[in-house]
Amino acid sequence: MADNALGTPWRKPMTLPKGIEITGPKLPASDSVLTPEALAFVAGLQREFGAVRKGLLQRRAEVARRIAAGEKPGLLEHTRFIREGDWRVAPAPPDLDDRRTEITGPVERKMMINALNSGAKVFMADCEDALSPTWENIVQGQQNLMDAVRRTIGFTSPEGKEYRLAEKTATLVVRPRGWHLTERHVLVDGEPVSGSLFDFGLYFFHNAHELLKRGSGPYFYLPKLESHLEARLWNDVFNFAQDYVGIPRGTIRATVLIETILAAFEMEEILYELRDHAAGLNAGRWDYIFSCIKKFATEDVIFPDRVQITMTVPFMRAYTELLVRSCHKRGAHAIGGMAAFIPSRKDPEVNERAIAAVTKDKERESGDGFDGTWVAHPDLVPVAIGVFDKVLGEKPNQKDRLREDVEGKVRPEQLIDFNVPGGTVTEAGARNNISVELQYMAAWLGGSGAVAIFNLMEDAATAEISRAQLWQWLRKGARLEDGRPFTRELYEQLKREEMAKLAGMKNLEAAAQLLDELVLQPEFREFLTLPAYERLS
């Protein structure tokens with residue numbers, strides 16, 4: 001639902017802390033979420049760390065320019081002492097020691113209850129890729145998190161079905177937005193607040209003490225990091241926050257998603273910067289491939305259909321092997337990638353094939369040494385747990401598998417050797433990218449960030465790789481496997497045909513305009529959510 005259809009304007013600006021302005025309407029959850037005390041804390045974070053954040057974003061742009069000019073990323077010489085040093089991250093708290101299966105989903109009330117009740121060990125509640133950041137979604141999402149922590153969360157469907165928490169639930173972990181995003185509805189000293197600091201700040205301020213009282217803690221997933229310096233900023237934020245509310249440093253735990261190509265060269269450094277707060281690293285597949293396309297946009301490399309870029313192709317294999325080795329060398333958890341399949345109630349044959357593929361993927365992960373994995377649907381939880389149970393047994397993890405063999409087998413330069421043996425670009429792959437992008441962005445503009453498309457749960461990461469591939473194929477003159485060039489004319493034809501199949505879909509024209517803007521312009525846009533956010537009413 002669009003922001004301008006919600007709530008009423010703020011009528012008491014004088015109740016807000018000095019320097020804070022809220023431009024979004026007042027919502028039912030505003031009084032409990034946007035308290036003066038919580039907003040003062042968020043403002044403190046923004047004033048303390050906003051300039052550093054901007055500097056790191058400028059550094060990203062400078063590194064990208066150097067790569068575009070031909071510089072190859074590699075291991076950092078000045079951090080060699082970290083890679084060669086003898087250190088380990090802090091031990092995991094009891095409720096984060098066994099992470100054999102984690103489920104993810106947006107901070108939406110019904111989905112949260114189902115995820116917490118799913119039997120998974122961990123639930124990652126998402127304020128990032130699986131959430132369309134309308135003002136209502138952001139504020140109500142924080143209320144939902146507060147209610148989940150206090151076990152008061154409930155939901156009644158229009159049909160009268162009631163949803164409540166079971167006695168035993170998954171450990172709650174929250175993913176805030178990435179460093180590049182802002183929350184435009186809240187201004188601090190005239191500037192939009194960082195989306196990362198806003199999401200983190202509200203959740204931490206309202207729930208840290210309550211979580212500790214209940215035997216857990218404030219746990220986070222950190223997205224889109226590109227360097228150990230960005231991890232250092234998060235560590236500084238954590239120390240500031242813990243001091244502010246009077247809890248010991250090291251109480252917070254954070255798992256970092258290694259979903260950018262540059263972060264893959266700094267995995268040990270990222271763990272080192274966060275070592276008192278680090279809980280592990282996660283292999284974020286789609287965003288990682290998207291990052292490879294983006295950072296090497298000027299290279300003469302063409303990625304095949306995304307379904308062909310599996311976790312077993314050489315450069316992805318090198319990435320996951322290094323991730324497990326880096327984590328276990330330092331006593332951190334290594335968490336595998338997403339199984340996005342959504343079971344179908346109408347097609348048992350589709351289910352059988354998909355569950356067999358999910359099982360095979362999780363067997364690869366558990367065999368490689370991962371301590372756990374991600375699923376997107378509650379029905380996949382027992383599948384993933386069953387696979388990891390066979391490897392782990394009664395052990396909470398397999399961090400004792402140090403994977404020392406990786407150091408002699410995987411070289412850093414393999415991370416940027418993007419050759420995919422036998423890879424092809426197909427019309428079916430192009431159609432899939434166009435259709436998924438249109439359907440996802442239409443839903444996102446309508447306020448939904450986790451969308452079921454072709455029996456898969458898609459989020460912004462899938463949309464990113466879809467549009468990135470279309471842009472790359474046009475820019476690089478890709479040829480389909482049947483010999484036809486992928487031209488603008490062919491793109492336009494396929495787009496028209498796919499749009500015809502989706503006729504009547506809300507926001508379809510707006511999604512198509514956004515797709516054209518992202519795919520047809522010469523320069524590659526850094527993130528699709530930036531121009532999309534401007535269109536989110």
# chains A, B, ... in the order shown; residues from 1 in each chain; ligands from 1

call {"tool": "residues_around", "arguments": {"residues": "segment 200-209 of chain A", "least_positions_apart": "5", "cutoff": "6 Å", "atoms": "only C-alpha atoms", "output": "ChimeraX atom specification"}}
result
/A:42,176,218

call {"tool": "residues_around", "arguments": {"residues": "Ala376 of chain A", "least_positions_apart": "5", "cutoff": "8 Å", "atoms": "only C-alpha atoms", "output": "list in words"}}
result
Ile103, Thr104, Gly105, Met338, Ala339, Ala340, Phe341, Ile342 and Met457 of chain A

call {"tool": "atom_distance", "arguments": {"atom1": "atom CA of Ala29 of chain A", "atom2": "atom CA of Gln140 of chain A"}}
result
6.0 Å

call {"tool": "residues_around", "arguments": {"residues": "Gln414 of chain A", "least_positions_apart": "6", "cutoff": "9 Å", "atoms": "only C-alpha atoms", "output": "ChimeraX atom specification"}}
result
/A:314-315,318-319

call {"tool": "write_last_selection", "arguments": {"atoms": "N, CA and C atoms", "output": "PDB file, in the first residue's frame"}}
result
ATOM      1  N   PRO A 314      33.529 -23.271 -11.456  1.00  0.00           N
ATOM      2  CA  PRO A 314      34.813 -23.050 -10.778  1.00  0.00           C
ATOM      3  C   PRO A 314      34.899 -21.802  -9.907  1.00  0.00           C
ATOM      4  N   PHE A 315      34.469 -20.634 -10.392  1.00  0.00           N
ATOM      5  CA  PHE A 315      34.664 -19.435  -9.571  1.00  0.00           C
ATOM      6  C   PHE A 315      33.752 -19.414  -8.355  1.00  0.00           C
ATOM      7  N   ALA A 318      35.357 -21.897  -5.831  1.00  0.00           N
ATOM      8  CA  ALA A 318      36.491 -21.281  -5.135  1.00  0.00           C
ATOM      9  C   ALA A 318      36.001 -20.382  -4.002  1.00  0.00           C
ATOM     10  N   TYR A 319      34.953 -19.625  -4.273  1.00  0.00           N
ATOM     11  CA  TYR A 319      34.374 -18.699  -3.281  1.00  0.00           C
ATOM     12  C   TYR A 319      33.855 -19.439  -2.052  1.00  0.00           C
TER      13      TYR A 319
END

call {"tool": "residues_around", "arguments": {"residues": "segment 249-258 of chain A", "least_positions_apart": "6", "cutoff": "7 Å", "atoms": "only C-alpha atoms", "output": "mmCIF file with C-alpha atoms, in the first residue's frame"}}
result
data_model
loop_
_atom_site.group_PDB
_atom_site.id
_atom_site.type_symbol
_atom_site.label_atom_id
_atom_site.label_comp_id
_atom_site.auth_asym_id
_atom_site.auth_seq_id
_atom_site.Cartn_x
_atom_site.Cartn_y
_atom_site.Cartn_z
ATOM 1 C CA GLY A 217 20.752 -11.344 22.505
ATOM 2 C CA PRO A 218 20.733 -8.735 19.739
ATOM 3 C CA TYR A 219 21.850 -10.707 16.693
ATOM 4 C CA PHE A 220 22.255 -9.370 13.153
ATOM 5 C CA TYR A 221 23.023 -10.281 9.559
ATOM 6 C CA LEU A 222 25.069 -7.599 7.770
ATOM 7 C CA PRO A 223 24.495 -7.263 3.993
ATOM 8 C CA LYS A 224 26.416 -5.908 1.004
ATOM 9 C CA PHE A 238 28.101 -1.921 17.897
ATOM 10 C CA ASN A 239 30.461 -0.583 20.570
ATOM 11 C CA GLN A 242 26.277 -1.225 23.652
ATOM 12 C CA ALA A 264 35.541 -12.402 -0.904
ATOM 13 C CA ASP A 276 34.420 -9.652 19.392
ATOM 14 C CA HIS A 277 31.018 -9.588 17.674
ATOM 15 C CA ALA A 278 31.464 -12.005 14.747
ATOM 16 C CA ALA A 279 29.130 -14.987 14.480
ATOM 17 C CA GLY A 280 30.113 -16.179 11.017
ATOM 18 C CA LEU A 281 29.927 -15.627 7.274
ATOM 19 C CA ASN A 282 27.191 -16.567 4.813
ATOM 20 C CA ALA A 283 27.433 -17.393 1.097
ATOM 21 C CA GLY A 284 24.944 -15.094 -0.666
#

call {"tool": "residues_around", "arguments": {"residues": "Ala125 of chain A", "least_positions_apart": "6", "cutoff": "12 Å", "atoms": "only C-alpha atoms", "output": "VMD selection string"}}
result
chain A and resid 102 to 109 111 to 116 131 141 to 142 144 to 146 148 to 149 170 to 177 199 203 219 to 222 376 450

call {"tool": "residues_around", "arguments": {"residues": "segment 119-121 of chain A", "least_positions_apart": "2", "cutoff": "9 Å", "atoms": "only C-alpha atoms", "output": "ChimeraX atom specification"}}
result
/A:95-96,98-103,115-117,123,168-171,378,381-382,385

call {"tool": "write_last_selection", "arguments": {"atoms": "C-alpha atoms", "output": "tab-separated table (two decimals), in the first residue's frame"}}
result
chain	number	residue	atom	x	y	z
A	95	ASP	CA	21.40	-20.04	20.93
A	96	LEU	CA	23.66	-19.39	17.92
A	98	ASP	CA	23.63	-24.81	16.27
A	99	ARG	CA	22.60	-23.17	13.01
A	100	ARG	CA	22.12	-26.23	10.82
A	101	THR	CA	19.05	-24.74	9.14
A	102	GLU	CA	18.04	-21.09	8.97
A	103	ILE	CA	14.85	-19.72	7.41
A	115	ALA	CA	9.13	-18.87	10.20
A	116	LEU	CA	9.63	-18.75	13.96
A	117	ASN	CA	7.44	-21.87	14.30
A	123	PHE	CA	15.01	-17.09	11.60
A	168	LYS	CA	9.77	-23.46	20.97
A	169	THR	CA	10.80	-20.98	18.30
A	170	ALA	CA	13.83	-20.21	16.14
A	171	THR	CA	16.51	-17.80	17.34
A	378	PRO	CA	8.92	-23.82	6.09
A	381	VAL	CA	13.18	-26.96	6.85
A	382	PRO	CA	12.89	-30.73	7.51
A	385	ILE	CA	17.75	-30.44	8.69

call {"tool": "residues_around", "arguments": {"residues": "Glu437 of chain A", "least_positions_apart": "2", "cutoff": "12 Å", "atoms": "only C-alpha atoms", "output": "PDB file with N, CA and C atoms, in the first residue's frame"}}
result
ATOM      1  N   ALA A 430      16.783 -15.350 -21.327  1.00  0.00           N
ATOM      2  CA  ALA A 430      16.452 -13.932 -21.468  1.00  0.00           C
ATOM      3  C   ALA A 430      15.000 -13.681 -21.083  1.00  0.00           C
ATOM      4  N   ARG A 431      14.109 -14.546 -21.547  1.00  0.00           N
ATOM      5  CA  ARG A 431      12.694 -14.390 -21.188  1.00  0.00           C
ATOM      6  C   ARG A 431      12.506 -14.491 -19.673  1.00  0.00           C
ATOM      7  N   ASN A 432      13.184 -15.449 -19.068  1.00  0.00           N
ATOM      8  CA  ASN A 432      13.059 -15.612 -17.619  1.00  0.00           C
ATOM      9  C   ASN A 432      13.530 -14.363 -16.890  1.00  0.00           C
ATOM     10  N   ASN A 433      14.672 -13.813 -17.305  1.00  0.00           N
ATOM     11  CA  ASN A 433      15.177 -12.597 -16.666  1.00  0.00           C
ATOM     12  C   ASN A 433      14.192 -11.444 -16.808  1.00  0.00           C
ATOM     13  N   ILE A 434      13.630 -11.280 -17.998  1.00  0.00           N
ATOM     14  CA  ILE A 434      12.682 -10.188 -18.230  1.00  0.00           C
ATOM     15  C   ILE A 434      11.429 -10.384 -17.391  1.00  0.00           C
ATOM     16  N   SER A 435      10.871 -11.581 -17.423  1.00  0.00           N
ATOM     17  CA  SER A 435       9.622 -11.841 -16.705  1.00  0.00           C
ATOM     18  C   SER A 435       9.796 -11.713 -15.197  1.00  0.00           C
ATOM     19  N   GLN A 439       7.845  -8.952 -12.931  1.00  0.00           N
ATOM     20  CA  GLN A 439       6.946  -9.386 -11.858  1.00  0.00           C
ATOM     21  C   GLN A 439       7.441  -8.921 -10.498  1.00  0.00           C
ATOM     22  N   TYR A 440       8.758  -9.033 -10.286  1.00  0.00           N
ATOM     23  CA  TYR A 440       9.284  -8.650  -8.974  1.00  0.00           C
ATOM     24  C   TYR A 440       9.153  -7.153  -8.743  1.00  0.00           C
ATOM     25  N   MET A 441       9.562  -6.343  -9.721  1.00  0.00           N
ATOM     26  CA  MET A 441       9.524  -4.895  -9.505  1.00  0.00           C
ATOM     27  C   MET A 441       8.092  -4.375  -9.424  1.00  0.00           C
ATOM     28  N   ALA A 442       7.167  -4.994 -10.145  1.00  0.00           N
ATOM     29  CA  ALA A 442       5.761  -4.604 -10.019  1.00  0.00           C
ATOM     30  C   ALA A 442       5.270  -4.858  -8.596  1.00  0.00           C
ATOM     31  N   ALA A 443       5.635  -6.001  -8.048  1.00  0.00           N
ATOM     32  CA  ALA A 443       5.248  -6.310  -6.665  1.00  0.00           C
ATOM     33  C   ALA A 443       5.951  -5.386  -5.683  1.00  0.00           C
ATOM     34  N   TRP A 444       7.241  -5.129  -5.904  1.00  0.00           N
ATOM     35  CA  TRP A 444       8.041  -4.270  -5.012  1.00  0.00           C
ATOM     36  C   TRP A 444       7.456  -2.865  -4.963  1.00  0.00           C
ATOM     37  N   LEU A 445       7.100  -2.334  -6.135  1.00  0.00           N
ATOM     38  CA  LEU A 445       6.499  -0.997  -6.182  1.00  0.00           C
ATOM     39  C   LEU A 445       5.134  -0.979  -5.503  1.00  0.00           C
ATOM     40  N   VAL A 451       8.512 -12.324  -3.212  1.00  0.00           N
ATOM     41  CA  VAL A 451       7.488 -12.616  -4.209  1.00  0.00           C
ATOM     42  C   VAL A 451       7.687 -14.020  -4.767  1.00  0.00           C
ATOM     43  N   ILE A 453       7.588 -16.465  -7.633  1.00  0.00           N
ATOM     44  CA  ILE A 453       7.593 -16.419  -9.092  1.00  0.00           C
ATOM     45  C   ILE A 453       8.143 -17.749  -9.596  1.00  0.00           C
ATOM     46  N   GLU A 458      11.434 -15.086  -4.629  1.00  0.00           N
ATOM     47  CA  GLU A 458      12.398 -14.137  -5.167  1.00  0.00           C
ATOM     48  C   GLU A 458      12.442 -12.883  -4.305  1.00  0.00           C
ATOM     49  N   ASP A 459      13.644 -12.293  -4.225  1.00  0.00           N
ATOM     50  CA  ASP A 459      13.781 -11.007  -3.556  1.00  0.00           C
ATOM     51  C   ASP A 459      14.632 -10.105  -4.435  1.00  0.00           C
ATOM     52  N   ALA A 460      15.093  -8.993  -3.883  1.00  0.00           N
ATOM     53  CA  ALA A 460      15.798  -8.008  -4.706  1.00  0.00           C
ATOM     54  C   ALA A 460      17.071  -8.570  -5.319  1.00  0.00           C
ATOM     55  N   ALA A 461      17.697  -9.548  -4.667  1.00  0.00           N
ATOM     56  CA  ALA A 461      18.936 -10.120  -5.210  1.00  0.00           C
ATOM     57  C   ALA A 461      18.687 -10.782  -6.561  1.00  0.00           C
ATOM     58  N   THR A 462      17.556 -11.470  -6.711  1.00  0.00           N
ATOM     59  CA  THR A 462      17.235 -12.106  -7.986  1.00  0.00           C
ATOM     60  C   THR A 462      16.977 -11.064  -9.056  1.00  0.00           C
ATOM     61  N   ALA A 463      16.258 -10.006  -8.677  1.00  0.00           N
ATOM     62  CA  ALA A 463      15.993  -8.935  -9.635  1.00  0.00           C
ATOM     63  C   ALA A 463      17.290  -8.269 -10.079  1.00  0.00           C
ATOM     64  N   GLU A 464      18.236  -8.137  -9.166  1.00  0.00           N
ATOM     65  CA  GLU A 464      19.517  -7.512  -9.511  1.00  0.00           C
ATOM     66  C   GLU A 464      20.266  -8.330 -10.562  1.00  0.00           C
ATOM     67  N   ILE A 465      20.356  -9.632 -10.363  1.00  0.00           N
ATOM     68  CA  ILE A 465      21.103 -10.427 -11.344  1.00  0.00           C
ATOM     69  C   ILE A 465      20.353 -10.491 -12.668  1.00  0.00           C
ATOM     70  N   SER A 466      19.028 -10.493 -12.631  1.00  0.00           N
ATOM     71  CA  SER A 466      18.248 -10.548 -13.872  1.00  0.00           C
ATOM     72  C   SER A 466      18.517  -9.321 -14.731  1.00  0.00           C
ATOM     73  N   ARG A 467      18.428  -8.141 -14.153  1.00  0.00           N
ATOM     74  CA  ARG A 467      18.636  -6.922 -14.953  1.00  0.00           C
ATOM     75  C   ARG A 467      20.108  -6.760 -15.312  1.00  0.00           C
ATOM     76  N   ALA A 468      21.019  -7.215 -14.430  1.00  0.00           N
ATOM     77  CA  ALA A 468      22.447  -7.105 -14.726  1.00  0.00           C
ATOM     78  C   ALA A 468      22.810  -7.965 -15.933  1.00  0.00           C
ATOM     79  N   GLN A 469      22.241  -9.156 -16.017  1.00  0.00           N
ATOM     80  CA  GLN A 469      22.534 -10.014 -17.163  1.00  0.00           C
ATOM     81  C   GLN A 469      22.003  -9.414 -18.456  1.00  0.00           C
ATOM     82  N   LEU A 470      20.788  -8.887 -18.423  1.00  0.00           N
ATOM     83  CA  LEU A 470      20.227  -8.271 -19.627  1.00  0.00           C
ATOM     84  C   LEU A 470      21.096  -7.103 -20.085  1.00  0.00           C
ATOM     85  N   LYS A 495      10.365  -8.520 -24.377  1.00  0.00           N
ATOM     86  CA  LYS A 495       9.697  -7.786 -23.293  1.00  0.00           C
ATOM     87  C   LYS A 495       8.213  -7.616 -23.602  1.00  0.00           C
ATOM     88  N   GLU A 498       6.490 -10.972 -23.060  1.00  0.00           N
ATOM     89  CA  GLU A 498       6.369 -11.334 -21.647  1.00  0.00           C
ATOM     90  C   GLU A 498       5.365 -10.440 -20.933  1.00  0.00           C
ATOM     91  N   MET A 499       5.318  -9.158 -21.317  1.00  0.00           N
ATOM     92  CA  MET A 499       4.325  -8.258 -20.719  1.00  0.00           C
ATOM     93  C   MET A 499       2.910  -8.683 -21.088  1.00  0.00           C
ATOM     94  N   LEU A 502       1.525 -11.053 -18.804  1.00  0.00           N
ATOM     95  CA  LEU A 502       1.269 -10.501 -17.471  1.00  0.00           C
ATOM     96  C   LEU A 502       0.215  -9.405 -17.508  1.00  0.00           C
ATOM     97  N   LEU A 508       2.660  -2.863 -13.700  1.00  0.00           N
ATOM     98  CA  LEU A 508       3.460  -3.491 -14.752  1.00  0.00           C
ATOM     99  C   LEU A 508       4.151  -2.446 -15.627  1.00  0.00           C
ATOM    100  N   ALA A 510       4.985   0.633 -14.870  1.00  0.00           N
ATOM    101  CA  ALA A 510       6.055   1.283 -14.095  1.00  0.00           C
ATOM    102  C   ALA A 510       7.266   0.368 -13.990  1.00  0.00           C
ATOM    103  N   ALA A 511       7.023  -0.924 -13.814  1.00  0.00           N
ATOM    104  CA  ALA A 511       8.131  -1.883 -13.738  1.00  0.00           C
ATOM    105  C   ALA A 511       8.869  -1.958 -15.069  1.00  0.00           C
ATOM    106  N   ALA A 512       8.123  -1.910 -16.179  1.00  0.00           N
ATOM    107  CA  ALA A 512       8.749  -1.964 -17.503  1.00  0.00           C
ATOM    108  C   ALA A 512       9.600  -0.724 -17.760  1.00  0.00           C
ATOM    109  N   GLN A 513       9.113   0.435 -17.355  1.00  0.00           N
ATOM    110  CA  GLN A 513       9.897   1.666 -17.510  1.00  0.00           C
ATOM    111  C   GLN A 513      11.190   1.586 -16.705  1.00  0.00           C
ATOM    112  N   LEU A 514      11.092   1.066 -15.495  1.00  0.00           N
ATOM    113  CA  LEU A 514      12.282   0.925 -14.657  1.00  0.00           C
ATOM    114  C   LEU A 514      13.259  -0.074 -15.275  1.00  0.00           C
ATOM    115  N   LEU A 515      12.733  -1.176 -15.806  1.00  0.00           N
ATOM    116  CA  LEU A 515      13.595  -2.166 -16.448  1.00  0.00           C
ATOM    117  C   LEU A 515      14.351  -1.542 -17.621  1.00  0.00           C
ATOM    118  N   ASP A 516      13.645  -0.779 -18.456  1.00  0.00           N
ATOM    119  CA  ASP A 516      14.310  -0.116 -19.584  1.00  0.00           C
ATOM    120  C   ASP A 516      15.403   0.829 -19.101  1.00  0.00           C
ATOM    121  N   LEU A 518      17.180   0.640 -16.468  1.00  0.00           N
ATOM    122  CA  LEU A 518      18.318  -0.108 -15.937  1.00  0.00           C
ATOM    123  C   LEU A 518      19.090  -0.852 -17.023  1.00  0.00           C
ATOM    124  N   VAL A 519      18.379  -1.320 -18.039  1.00  0.00           N
ATOM    125  CA  VAL A 519      18.988  -2.208 -19.032  1.00  0.00           C
ATOM    126  C   VAL A 519      19.536  -1.459 -20.244  1.00  0.00           C
ATOM    127  N   LEU A 528      19.511  -1.432  -8.225  1.00  0.00           N
ATOM    128  CA  LEU A 528      18.195  -1.102  -8.775  1.00  0.00           C
ATOM    129  C   LEU A 528      17.270  -0.507  -7.724  1.00  0.00           C
TER     130      LEU A 528
END

call {"tool": "closest_residue", "arguments": {"among": "A:Asp97, A:Asp243, A:Asp368, A:Asp287", "to": "Pro396 of chain A", "atoms": "only C-alpha atoms"}}
result
A:Asp97

call {"tool": "closest_residue", "arguments": {"among": "A:Leu438, A:Ile20, A:Phe388, A:Gly423", "to": "Glu497 of chain A", "atoms": "only C-alpha atoms"}}
result
A:Leu438

call {"tool": "select_by_dssp", "arguments": {"residues": "segment 147-365 of chain A", "states": "helix (DSSP H, G or I)", "output": "PyMOL selection string"}}
result
chain A and resi 147-149+195-213+228-245+261-264+267-273+285-295+306-308+314-329+348-365

call {"tool": "closest_residue", "arguments": {"among": "A:Ala61, A:Leu181, A:Ile416, A:Val383", "to": "Ala354 of chain A", "atoms": "only C-alpha atoms"}}
result
A:Val383
